[in-house]
Each structure stands twice: as C-alpha cells, then as structure tokens.
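To be precise, the following lines are my_file-v5.cif, and they hold mmCIF, N, CA and C atoms.
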data_target
#
loop_
_atom_site.label_atom_id
_atom_site.label_comp_id
_atom_site.auth_asym_id
_atom_site.auth_seq_id
_atom_site.Cartn_x
_atom_site.Cartn_y
_atom_site.Cartn_z
N MET A 327 0.85 -1.18 0.00
CA MET A 327 0.00 0.00 0.00
C MET A 327 0.89 1.24 0.00
N LYS A 328 0.59 2.17 -0.90
CA LYS A 328 1.35 3.41 -0.92
C LYS A 328 1.10 4.19 0.36
N THR A 329 2.09 4.96 0.75
CA THR A 329 1.93 5.78 1.95
C THR A 329 1.19 7.07 1.56
N PRO A 330 0.53 7.71 2.54
CA PRO A 330 -0.12 8.98 2.23
C PRO A 330 0.84 10.01 1.65
N ALA A 331 2.09 10.01 2.11
CA ALA A 331 3.07 10.97 1.59
C ALA A 331 3.29 10.76 0.10
N ASN A 332 3.44 9.51 -0.34
CA ASN A 332 3.62 9.22 -1.76
C ASN A 332 2.39 9.62 -2.56
N VAL A 333 1.21 9.35 -1.99
CA VAL A 333 -0.03 9.67 -2.69
C VAL A 333 -0.17 11.18 -2.85
N LEU A 334 -0.01 11.92 -1.75
CA LEU A 334 -0.21 13.36 -1.82
C LEU A 334 0.76 14.03 -2.78
N THR A 335 2.02 13.61 -2.76
CA THR A 335 2.99 14.25 -3.63
C THR A 335 2.77 13.90 -5.11
N SER A 336 1.99 12.87 -5.39
CA SER A 336 1.73 12.49 -6.78
C SER A 336 0.44 13.12 -7.32
N ILE A 337 -0.25 13.91 -6.51
CA ILE A 337 -1.52 14.50 -6.92
C ILE A 337 -1.33 16.00 -7.15
N PRO A 338 -1.67 16.48 -8.34
CA PRO A 338 -1.46 17.89 -8.66
C PRO A 338 -2.10 18.86 -7.66
N MET A 339 -3.15 18.46 -6.98
CA MET A 339 -3.80 19.33 -6.02
C MET A 339 -2.83 19.77 -4.92
N PHE A 340 -1.81 18.97 -4.64
CA PHE A 340 -0.87 19.28 -3.56
C PHE A 340 0.45 19.86 -4.07
N ASN A 341 0.52 20.15 -5.37
CA ASN A 341 1.74 20.76 -5.94
C ASN A 341 2.00 22.13 -5.34
N GLY A 342 3.25 22.40 -5.07
CA GLY A 342 3.65 23.73 -4.62
C GLY A 342 3.57 23.95 -3.12
N LEU A 343 3.09 22.96 -2.38
CA LEU A 343 3.01 23.11 -0.93
C LEU A 343 4.37 22.83 -0.30
N ARG A 344 4.68 23.55 0.76
CA ARG A 344 5.94 23.33 1.47
C ARG A 344 5.92 21.94 2.13
N LYS A 345 7.12 21.41 2.30
CA LYS A 345 7.27 20.06 2.86
C LYS A 345 6.59 19.92 4.21
N GLU A 346 6.74 20.88 5.11
CA GLU A 346 6.14 20.77 6.44
C GLU A 346 4.60 20.78 6.37
N VAL A 347 4.06 21.44 5.38
CA VAL A 347 2.60 21.45 5.20
C VAL A 347 2.15 20.07 4.71
N LEU A 348 2.88 19.51 3.77
CA LEU A 348 2.56 18.15 3.30
C LEU A 348 2.63 17.15 4.45
N VAL A 349 3.61 17.30 5.32
CA VAL A 349 3.74 16.40 6.47
C VAL A 349 2.49 16.50 7.35
N ARG A 350 2.03 17.72 7.62
CA ARG A 350 0.81 17.89 8.44
C ARG A 350 -0.40 17.26 7.77
N LEU A 351 -0.52 17.43 6.46
CA LEU A 351 -1.66 16.85 5.74
C LEU A 351 -1.58 15.33 5.73
N VAL A 352 -0.37 14.80 5.57
CA VAL A 352 -0.18 13.35 5.60
C VAL A 352 -0.60 12.79 6.95
N GLU A 353 -0.23 13.47 8.01
CA GLU A 353 -0.60 13.01 9.36
C GLU A 353 -2.11 13.00 9.56
N ALA A 354 -2.81 13.86 8.85
CA ALA A 354 -4.27 13.94 8.97
C ALA A 354 -5.00 12.93 8.07
N CYS A 355 -4.30 12.37 7.10
CA CYS A 355 -4.93 11.42 6.15
C CYS A 355 -5.42 10.16 6.84
N VAL A 356 -6.53 9.64 6.33
CA VAL A 356 -7.06 8.36 6.79
C VAL A 356 -7.09 7.43 5.57
N GLY A 357 -6.41 6.29 5.68
CA GLY A 357 -6.37 5.32 4.59
C GLY A 357 -7.54 4.35 4.66
N ARG A 358 -7.94 3.87 3.48
CA ARG A 358 -9.09 2.97 3.42
C ARG A 358 -8.96 2.05 2.20
N LYS A 359 -9.04 0.73 2.44
CA LYS A 359 -9.10 -0.24 1.35
C LYS A 359 -10.55 -0.41 0.96
N CYS A 360 -10.83 -0.38 -0.33
CA CYS A 360 -12.21 -0.48 -0.82
C CYS A 360 -12.30 -1.59 -1.87
N PHE A 361 -13.48 -2.15 -1.99
CA PHE A 361 -13.70 -3.26 -2.90
C PHE A 361 -14.74 -2.90 -3.95
N THR A 362 -14.67 -3.58 -5.08
CA THR A 362 -15.58 -3.31 -6.19
C THR A 362 -17.02 -3.28 -5.70
N GLY A 363 -17.71 -2.20 -6.07
CA GLY A 363 -19.11 -2.03 -5.69
C GLY A 363 -19.32 -1.20 -4.44
N ASP A 364 -18.28 -1.02 -3.62
CA ASP A 364 -18.42 -0.17 -2.43
C ASP A 364 -18.81 1.25 -2.85
N VAL A 365 -19.71 1.85 -2.10
CA VAL A 365 -20.07 3.25 -2.32
C VAL A 365 -19.27 4.09 -1.33
N ILE A 366 -18.50 5.01 -1.85
CA ILE A 366 -17.65 5.85 -1.01
C ILE A 366 -18.41 7.08 -0.55
N VAL A 367 -19.04 7.76 -1.48
CA VAL A 367 -19.90 8.89 -1.15
C VAL A 367 -21.20 8.73 -1.93
N LYS A 368 -22.28 9.23 -1.33
CA LYS A 368 -23.59 9.06 -1.95
C LYS A 368 -24.20 10.42 -2.28
N GLU A 369 -24.69 10.51 -3.48
CA GLU A 369 -25.37 11.71 -3.96
C GLU A 369 -26.43 12.15 -2.96
N GLY A 370 -26.43 13.44 -2.63
CA GLY A 370 -27.44 13.99 -1.73
C GLY A 370 -27.07 13.99 -0.26
N THR A 371 -25.98 13.31 0.11
CA THR A 371 -25.57 13.29 1.52
C THR A 371 -24.55 14.40 1.77
N LEU A 372 -24.49 14.83 3.01
CA LEU A 372 -23.53 15.87 3.38
C LEU A 372 -22.12 15.28 3.39
N GLY A 373 -21.19 15.99 2.83
CA GLY A 373 -19.82 15.51 2.78
C GLY A 373 -18.86 16.45 3.47
N ARG A 374 -17.90 15.90 4.17
CA ARG A 374 -16.88 16.70 4.85
C ARG A 374 -15.47 16.25 4.50
N GLU A 375 -15.34 15.28 3.57
CA GLU A 375 -14.03 14.76 3.22
C GLU A 375 -13.80 14.85 1.72
N LEU A 376 -12.53 14.99 1.38
CA LEU A 376 -12.12 14.78 -0.01
C LEU A 376 -11.22 13.56 -0.02
N TYR A 377 -11.16 12.90 -1.14
CA TYR A 377 -10.44 11.63 -1.26
C TYR A 377 -9.40 11.69 -2.36
N ALA A 378 -8.25 11.08 -2.09
CA ALA A 378 -7.19 10.90 -3.08
C ALA A 378 -7.09 9.41 -3.37
N ILE A 379 -6.94 9.07 -4.63
CA ILE A 379 -6.89 7.67 -5.04
C ILE A 379 -5.44 7.22 -5.14
N ALA A 380 -5.05 6.27 -4.27
CA ALA A 380 -3.69 5.73 -4.29
C ALA A 380 -3.57 4.62 -5.32
N SER A 381 -4.62 3.81 -5.47
CA SER A 381 -4.64 2.74 -6.45
C SER A 381 -6.08 2.37 -6.74
N GLY A 382 -6.30 1.74 -7.90
CA GLY A 382 -7.63 1.32 -8.28
C GLY A 382 -8.37 2.37 -9.08
N LYS A 383 -9.68 2.14 -9.22
CA LYS A 383 -10.53 3.05 -10.00
C LYS A 383 -11.88 3.19 -9.33
N VAL A 384 -12.45 4.39 -9.48
CA VAL A 384 -13.81 4.65 -9.01
C VAL A 384 -14.61 5.28 -10.14
N GLU A 385 -15.92 5.13 -10.06
CA GLU A 385 -16.83 5.77 -11.02
C GLU A 385 -17.63 6.84 -10.31
N VAL A 386 -17.76 7.96 -10.97
CA VAL A 386 -18.58 9.06 -10.46
C VAL A 386 -19.89 8.97 -11.24
N VAL A 387 -20.99 8.73 -10.52
CA VAL A 387 -22.29 8.54 -11.17
C VAL A 387 -23.31 9.51 -10.59
N MET A 388 -24.29 9.84 -11.41
CA MET A 388 -25.34 10.75 -10.98
C MET A 388 -26.68 10.21 -11.44
N HIS A 389 -27.66 10.40 -10.59
CA HIS A 389 -29.03 10.00 -10.94
C HIS A 389 -29.88 11.23 -11.21
N ALA A 390 -29.62 12.32 -10.52
CA ALA A 390 -30.31 13.61 -10.72
C ALA A 390 -31.82 13.45 -10.77
N GLY A 391 -32.35 12.61 -9.90
CA GLY A 391 -33.79 12.44 -9.82
C GLY A 391 -34.37 11.54 -10.90
N SER A 392 -33.56 11.07 -11.80
CA SER A 392 -34.06 10.20 -12.87
C SER A 392 -33.93 8.74 -12.43
N GLY A 393 -34.57 7.89 -13.15
CA GLY A 393 -34.49 6.46 -12.85
C GLY A 393 -33.24 5.82 -13.40
N ARG A 394 -32.50 6.54 -14.22
CA ARG A 394 -31.30 5.94 -14.82
C ARG A 394 -30.04 6.60 -14.30
N GLU A 395 -28.97 5.87 -14.40
CA GLU A 395 -27.68 6.31 -13.89
C GLU A 395 -26.84 6.84 -15.04
N ILE A 396 -26.16 7.95 -14.80
CA ILE A 396 -25.24 8.51 -15.78
C ILE A 396 -23.84 8.45 -15.17
N VAL A 397 -22.92 7.79 -15.87
CA VAL A 397 -21.53 7.75 -15.42
C VAL A 397 -20.85 9.02 -15.93
N LEU A 398 -20.47 9.88 -15.00
CA LEU A 398 -19.86 11.15 -15.36
C LEU A 398 -18.37 11.01 -15.61
N ALA A 399 -17.72 10.15 -14.85
CA ALA A 399 -16.26 10.02 -14.96
C ALA A 399 -15.80 8.72 -14.32
N THR A 400 -14.67 8.25 -14.78
CA THR A 400 -13.94 7.17 -14.12
C THR A 400 -12.61 7.78 -13.70
N LEU A 401 -12.30 7.66 -12.41
CA LEU A 401 -11.09 8.25 -11.87
C LEU A 401 -10.15 7.15 -11.40
N GLY A 402 -8.86 7.40 -11.49
CA GLY A 402 -7.87 6.40 -11.09
C GLY A 402 -6.76 7.01 -10.25
N ARG A 403 -5.69 6.24 -10.14
CA ARG A 403 -4.55 6.61 -9.30
C ARG A 403 -4.11 8.05 -9.55
N GLY A 404 -3.98 8.81 -8.47
CA GLY A 404 -3.54 10.20 -8.57
C GLY A 404 -4.68 11.20 -8.67
N ASP A 405 -5.88 10.72 -8.95
CA ASP A 405 -7.03 11.62 -9.03
C ASP A 405 -7.59 11.87 -7.63
N PHE A 406 -8.47 12.85 -7.54
CA PHE A 406 -9.13 13.15 -6.28
C PHE A 406 -10.60 13.46 -6.54
N PHE A 407 -11.41 13.36 -5.50
CA PHE A 407 -12.83 13.70 -5.60
C PHE A 407 -13.33 14.12 -4.22
N GLY A 408 -14.50 14.76 -4.22
CA GLY A 408 -15.09 15.21 -2.97
C GLY A 408 -14.77 16.64 -2.62
N GLU A 409 -14.01 17.31 -3.46
CA GLU A 409 -13.59 18.67 -3.16
C GLU A 409 -14.75 19.66 -3.14
N MET A 410 -15.79 19.41 -3.92
CA MET A 410 -16.91 20.35 -3.95
C MET A 410 -17.60 20.44 -2.60
N SER A 411 -17.84 19.31 -1.97
CA SER A 411 -18.50 19.32 -0.66
C SER A 411 -17.63 19.96 0.41
N VAL A 412 -16.33 19.79 0.29
CA VAL A 412 -15.41 20.38 1.27
C VAL A 412 -15.43 21.91 1.15
N VAL A 413 -15.45 22.39 -0.08
CA VAL A 413 -15.42 23.83 -0.31
C VAL A 413 -16.78 24.47 -0.03
N GLU A 414 -17.85 23.84 -0.51
CA GLU A 414 -19.18 24.44 -0.40
C GLU A 414 -19.93 24.15 0.89
N CYS A 415 -19.56 23.10 1.58
CA CYS A 415 -20.31 22.65 2.77
C CYS A 415 -21.76 22.34 2.38
N ARG A 416 -21.93 21.67 1.29
CA ARG A 416 -23.26 21.29 0.80
C ARG A 416 -23.28 19.80 0.50
N ALA A 417 -24.45 19.32 0.15
CA ALA A 417 -24.63 17.89 -0.15
C ALA A 417 -23.83 17.49 -1.39
N ARG A 418 -23.46 16.24 -1.41
CA ARG A 418 -22.74 15.68 -2.55
C ARG A 418 -23.63 15.71 -3.79
N VAL A 419 -23.03 16.01 -4.93
CA VAL A 419 -23.80 16.09 -6.17
C VAL A 419 -23.78 14.79 -6.96
N ALA A 420 -22.95 13.85 -6.54
CA ALA A 420 -22.85 12.58 -7.25
C ALA A 420 -22.48 11.47 -6.27
N THR A 421 -22.68 10.26 -6.72
CA THR A 421 -22.26 9.08 -5.98
C THR A 421 -20.92 8.63 -6.55
N VAL A 422 -20.02 8.18 -5.68
CA VAL A 422 -18.75 7.63 -6.13
C VAL A 422 -18.71 6.18 -5.67
N ARG A 423 -18.55 5.29 -6.65
CA ARG A 423 -18.58 3.85 -6.41
C ARG A 423 -17.27 3.24 -6.90
N VAL A 424 -16.78 2.27 -6.16
CA VAL A 424 -15.51 1.61 -6.51
C VAL A 424 -15.71 0.70 -7.72
N ALA A 425 -14.91 0.93 -8.77
CA ALA A 425 -15.00 0.15 -10.00
C ALA A 425 -14.04 -1.04 -9.99
N GLU A 426 -12.97 -0.93 -9.22
CA GLU A 426 -12.05 -2.04 -9.01
C GLU A 426 -11.40 -1.82 -7.65
N PRO A 427 -10.89 -2.87 -7.02
CA PRO A 427 -10.32 -2.71 -5.68
C PRO A 427 -9.39 -1.49 -5.64
N SER A 428 -9.55 -0.69 -4.59
CA SER A 428 -8.87 0.60 -4.52
C SER A 428 -8.36 0.88 -3.11
N VAL A 429 -7.38 1.74 -3.04
CA VAL A 429 -6.92 2.30 -1.78
C VAL A 429 -7.11 3.80 -1.89
N LEU A 430 -7.83 4.36 -0.92
CA LEU A 430 -8.12 5.79 -0.89
C LEU A 430 -7.58 6.41 0.39
N TYR A 431 -7.22 7.67 0.31
CA TYR A 431 -6.85 8.45 1.49
C TYR A 431 -7.78 9.65 1.55
N SER A 432 -8.31 9.92 2.74
CA SER A 432 -9.23 11.05 2.88
C SER A 432 -8.65 12.11 3.80
N LEU A 433 -9.05 13.33 3.52
CA LEU A 433 -8.76 14.48 4.37
C LEU A 433 -10.09 15.15 4.67
N ASN A 434 -10.31 15.53 5.91
CA ASN A 434 -11.58 16.16 6.21
C ASN A 434 -11.46 17.68 6.22
N ARG A 435 -12.59 18.31 6.15
CA ARG A 435 -12.69 19.76 6.07
C ARG A 435 -12.00 20.44 7.27
N ALA A 436 -12.17 19.87 8.45
CA ALA A 436 -11.58 20.46 9.66
C ALA A 436 -10.06 20.54 9.54
N ASP A 437 -9.43 19.51 8.97
CA ASP A 437 -7.98 19.54 8.80
C ASP A 437 -7.56 20.60 7.79
N LEU A 438 -8.37 20.80 6.77
CA LEU A 438 -8.05 21.84 5.80
C LEU A 438 -8.23 23.23 6.41
N LEU A 439 -9.21 23.37 7.29
CA LEU A 439 -9.40 24.65 7.98
C LEU A 439 -8.23 24.95 8.93
N LYS A 440 -7.66 23.90 9.54
CA LYS A 440 -6.47 24.09 10.37
C LYS A 440 -5.32 24.62 9.53
N LEU A 441 -5.23 24.11 8.30
CA LEU A 441 -4.20 24.61 7.39
C LEU A 441 -4.43 26.10 7.12
N PHE A 442 -5.67 26.49 6.91
CA PHE A 442 -5.99 27.90 6.69
C PHE A 442 -5.55 28.77 7.87
N GLU A 443 -5.81 28.28 9.07
CA GLU A 443 -5.45 29.03 10.28
C GLU A 443 -3.94 29.16 10.46
N LYS A 444 -3.22 28.08 10.18
CA LYS A 444 -1.77 28.06 10.43
C LYS A 444 -0.95 28.62 9.27
N SER A 445 -1.41 28.39 8.05
CA SER A 445 -0.63 28.78 6.87
C SER A 445 -1.57 29.25 5.75
N PRO A 446 -2.14 30.44 5.89
CA PRO A 446 -3.10 30.90 4.88
C PRO A 446 -2.52 30.94 3.46
N ASP A 447 -1.23 31.23 3.33
CA ASP A 447 -0.62 31.25 2.00
C ASP A 447 -0.61 29.86 1.37
N GLN A 448 -0.35 28.84 2.18
CA GLN A 448 -0.35 27.46 1.68
C GLN A 448 -1.78 26.98 1.39
N PHE A 449 -2.72 27.42 2.21
CA PHE A 449 -4.12 27.12 1.98
C PHE A 449 -4.55 27.72 0.63
N ALA A 450 -4.10 28.92 0.34
CA ALA A 450 -4.44 29.57 -0.93
C ALA A 450 -3.91 28.77 -2.11
N ILE A 451 -2.70 28.24 -1.99
CA ILE A 451 -2.13 27.40 -3.05
C ILE A 451 -2.98 26.15 -3.23
N LEU A 452 -3.35 25.52 -2.12
CA LEU A 452 -4.18 24.32 -2.19
C LEU A 452 -5.52 24.62 -2.85
N MET A 453 -6.15 25.72 -2.48
CA MET A 453 -7.45 26.09 -3.07
C MET A 453 -7.33 26.37 -4.56
N LEU A 454 -6.25 27.04 -4.97
CA LEU A 454 -6.03 27.30 -6.39
C LEU A 454 -5.86 25.99 -7.15
N ASN A 455 -5.08 25.08 -6.57
CA ASN A 455 -4.89 23.77 -7.20
C ASN A 455 -6.21 23.01 -7.27
N MET A 456 -7.01 23.09 -6.20
CA MET A 456 -8.33 22.43 -6.20
C MET A 456 -9.22 23.01 -7.29
N ALA A 457 -9.18 24.33 -7.43
CA ALA A 457 -9.99 24.99 -8.47
C ALA A 457 -9.56 24.52 -9.85
N ARG A 458 -8.27 24.38 -10.06
CA ARG A 458 -7.78 23.87 -11.35
C ARG A 458 -8.27 22.45 -11.60
N GLY A 459 -8.19 21.62 -10.55
CA GLY A 459 -8.68 20.25 -10.69
C GLY A 459 -10.17 20.20 -10.95
N LEU A 460 -10.91 21.04 -10.25
CA LEU A 460 -12.36 21.11 -10.44
C LEU A 460 -12.69 21.55 -11.87
N CYS A 461 -11.94 22.51 -12.40
CA CYS A 461 -12.16 22.92 -13.79
C CYS A 461 -11.93 21.76 -14.75
N GLY A 462 -10.90 20.97 -14.48
CA GLY A 462 -10.65 19.79 -15.31
C GLY A 462 -11.79 18.79 -15.24
N HIS A 463 -12.30 18.57 -14.02
CA HIS A 463 -13.45 17.67 -13.86
C HIS A 463 -14.66 18.19 -14.63
N LEU A 464 -14.92 19.48 -14.53
CA LEU A 464 -16.06 20.08 -15.22
C LEU A 464 -15.91 19.98 -16.74
N ARG A 465 -14.70 20.20 -17.23
CA ARG A 465 -14.46 20.07 -18.67
C ARG A 465 -14.77 18.65 -19.15
N SER A 466 -14.34 17.66 -18.37
CA SER A 466 -14.61 16.26 -18.73
C SER A 466 -16.10 15.97 -18.74
N ILE A 467 -16.80 16.48 -17.74
CA ILE A 467 -18.24 16.25 -17.65
C ILE A 467 -18.97 16.96 -18.78
N ASP A 468 -18.50 18.15 -19.16
CA ASP A 468 -19.09 18.85 -20.30
C ASP A 468 -19.05 17.98 -21.55
N HIS A 469 -17.94 17.28 -21.75
CA HIS A 469 -17.82 16.40 -22.90
C HIS A 469 -18.80 15.24 -22.83
N VAL A 470 -19.00 14.71 -21.63
CA VAL A 470 -19.97 13.61 -21.45
C VAL A 470 -21.36 14.07 -21.84
N PHE A 471 -21.76 15.21 -21.31
CA PHE A 471 -23.11 15.71 -21.60
C PHE A 471 -23.27 16.14 -23.06
N ALA A 472 -22.25 16.72 -23.64
CA ALA A 472 -22.31 17.12 -25.05
C ALA A 472 -22.47 15.88 -25.93
N ALA A 473 -21.74 14.82 -25.61
CA ALA A 473 -21.84 13.59 -26.40
C ALA A 473 -23.23 12.97 -26.30
N ARG A 474 -23.84 13.07 -25.12
CA ARG A 474 -25.18 12.50 -24.93
C ARG A 474 -26.27 13.34 -25.60
N ALA A 475 -25.98 14.59 -25.87
CA ALA A 475 -26.97 15.48 -26.47
C ALA A 475 -27.19 15.18 -27.95
N TYR A 476 -26.24 14.49 -28.56
CA TYR A 476 -26.34 14.22 -30.01
C TYR A 476 -26.79 12.84 -30.29
#
What would you get if you wrote out this structure as structure tokens?
Amino acid sequence: MKTPANVLTSIPMFNGLRKEVLVRLVEACVGRKCFTGDVIVKEGTLGRELYAIASGKVEVVMHAGSGREIVLATLGRGDFFGEMSVVECRARVATVRVAEPSVLYSLNRADLLKLFEKSPDQFAILMLNMARGLCGHLRSIDHVFAARAY
C-alpha cells in the first residue's frame, strides 16, 4: 500500500506546498481499502471529506432524480474527488462507487481549515490547485453531456 506521503505528492492538487505542510496533511490522512461495488460517497448526503486515489478506479455517477444512472467520470490513481462538498459545505452532487479494488486516502474539512489558520498562503495554493482540478473535472463532464446530447 502506498503511503499517504507518496499519494499526496503524486496529486497535482498538492503541488507547490511546502514540505512541512505536506507532512501535516499526511498526518491527517485516513487510509481505506475499498472493494468493487463499495459506495464511497452518496449523492445527496452531506460531505466533509475529499479523497485521493492511491490505487484502483472509481466511477462518479449521478441520478439527478431520474431512474437511470449517468456515469460522469472514471477516476484512477492520482485523481481526487469530494472537493466540492469540502469547499461548499453542501450535499454531494454525485455518488462515487468503486470500479475495481482501490486504496483511498481522505482528508476532512476540519484539517483543511487548520491549514488555513496556520498557513493561509499554503491554503491559498491548495485552493487554487483544487480549483484547477475542479475545472478539469467540469471540462470532462461537459464532454460527457455534449456527447449525450447528439
């Protein structure tokens, strides 16, 4: 199993952070082994964690009140998810389900707020990186919906 330090340093969201900040975030990480079919987060529930994928794959799916499921994305090693709920403090907009056995590391909102209190400049870097990642996720989802429209 990869260590949280290896996982965090391989994820663009954590690029540019000072070593001591990464150490604090690593100490706050919670590791979790997941199996195919496990639901990590559920659409409509309140979320306080974001997740980094150390190994395996997950699917991001949405029902949006319909009877059918739409797969928005498949994420793998080095990707992250759950950032929207951490930033907005609102319900999850999608369900994330394990597509193949995976190892995930989570960070909760409270630990990120501690980073804000102790190192606002580093928190700003993390938020900018999160925004970049979120833009990438949105771009991918735009392609999914555009393809379905035709």
List the residues matched by the PyMOL selection byres (((chain A and resi 381 and name CA) around 10) and name CA) in the displayed structure as a PyMOL selection string, ordered by chain and then by residue number. chain A and resi 327-328+333+359-360+378-380+382-384+402-405+426-430
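Closest approach to Phe361 in chain A among A:Val424, A:Val419, A:Met339, A:Val347: A:Val424, based on only C-alpha atoms.
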Would you please extract all strand (DSSP E or B) residues from chain A, as assigned by DSSP on the backbone, and give them as a PyMOL selection string? chain A and resi 356-360+365-367+372+375-388+396-402+406-407+417+421-434
Quick one: distance from atom N of Thr335 in chain A to atom N of Val387 in chain A in Å, one decimal? 24.8 Å
Could you check how far atom C of Asp437 in chain A sits from CA of Gly357 in chain A, in Å to one decimal?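 Going from atom C of Asp437 in chain A over to CA of Gly357 in chain A, I get 15.7 Å.
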Taking (-23.1, 14.4, -3.7) in the file's coordinates as the center, which residues reach within 5 Å of it, counting all atoms listed in the file, put as number ranges by chain? A: 368-371, 417-420
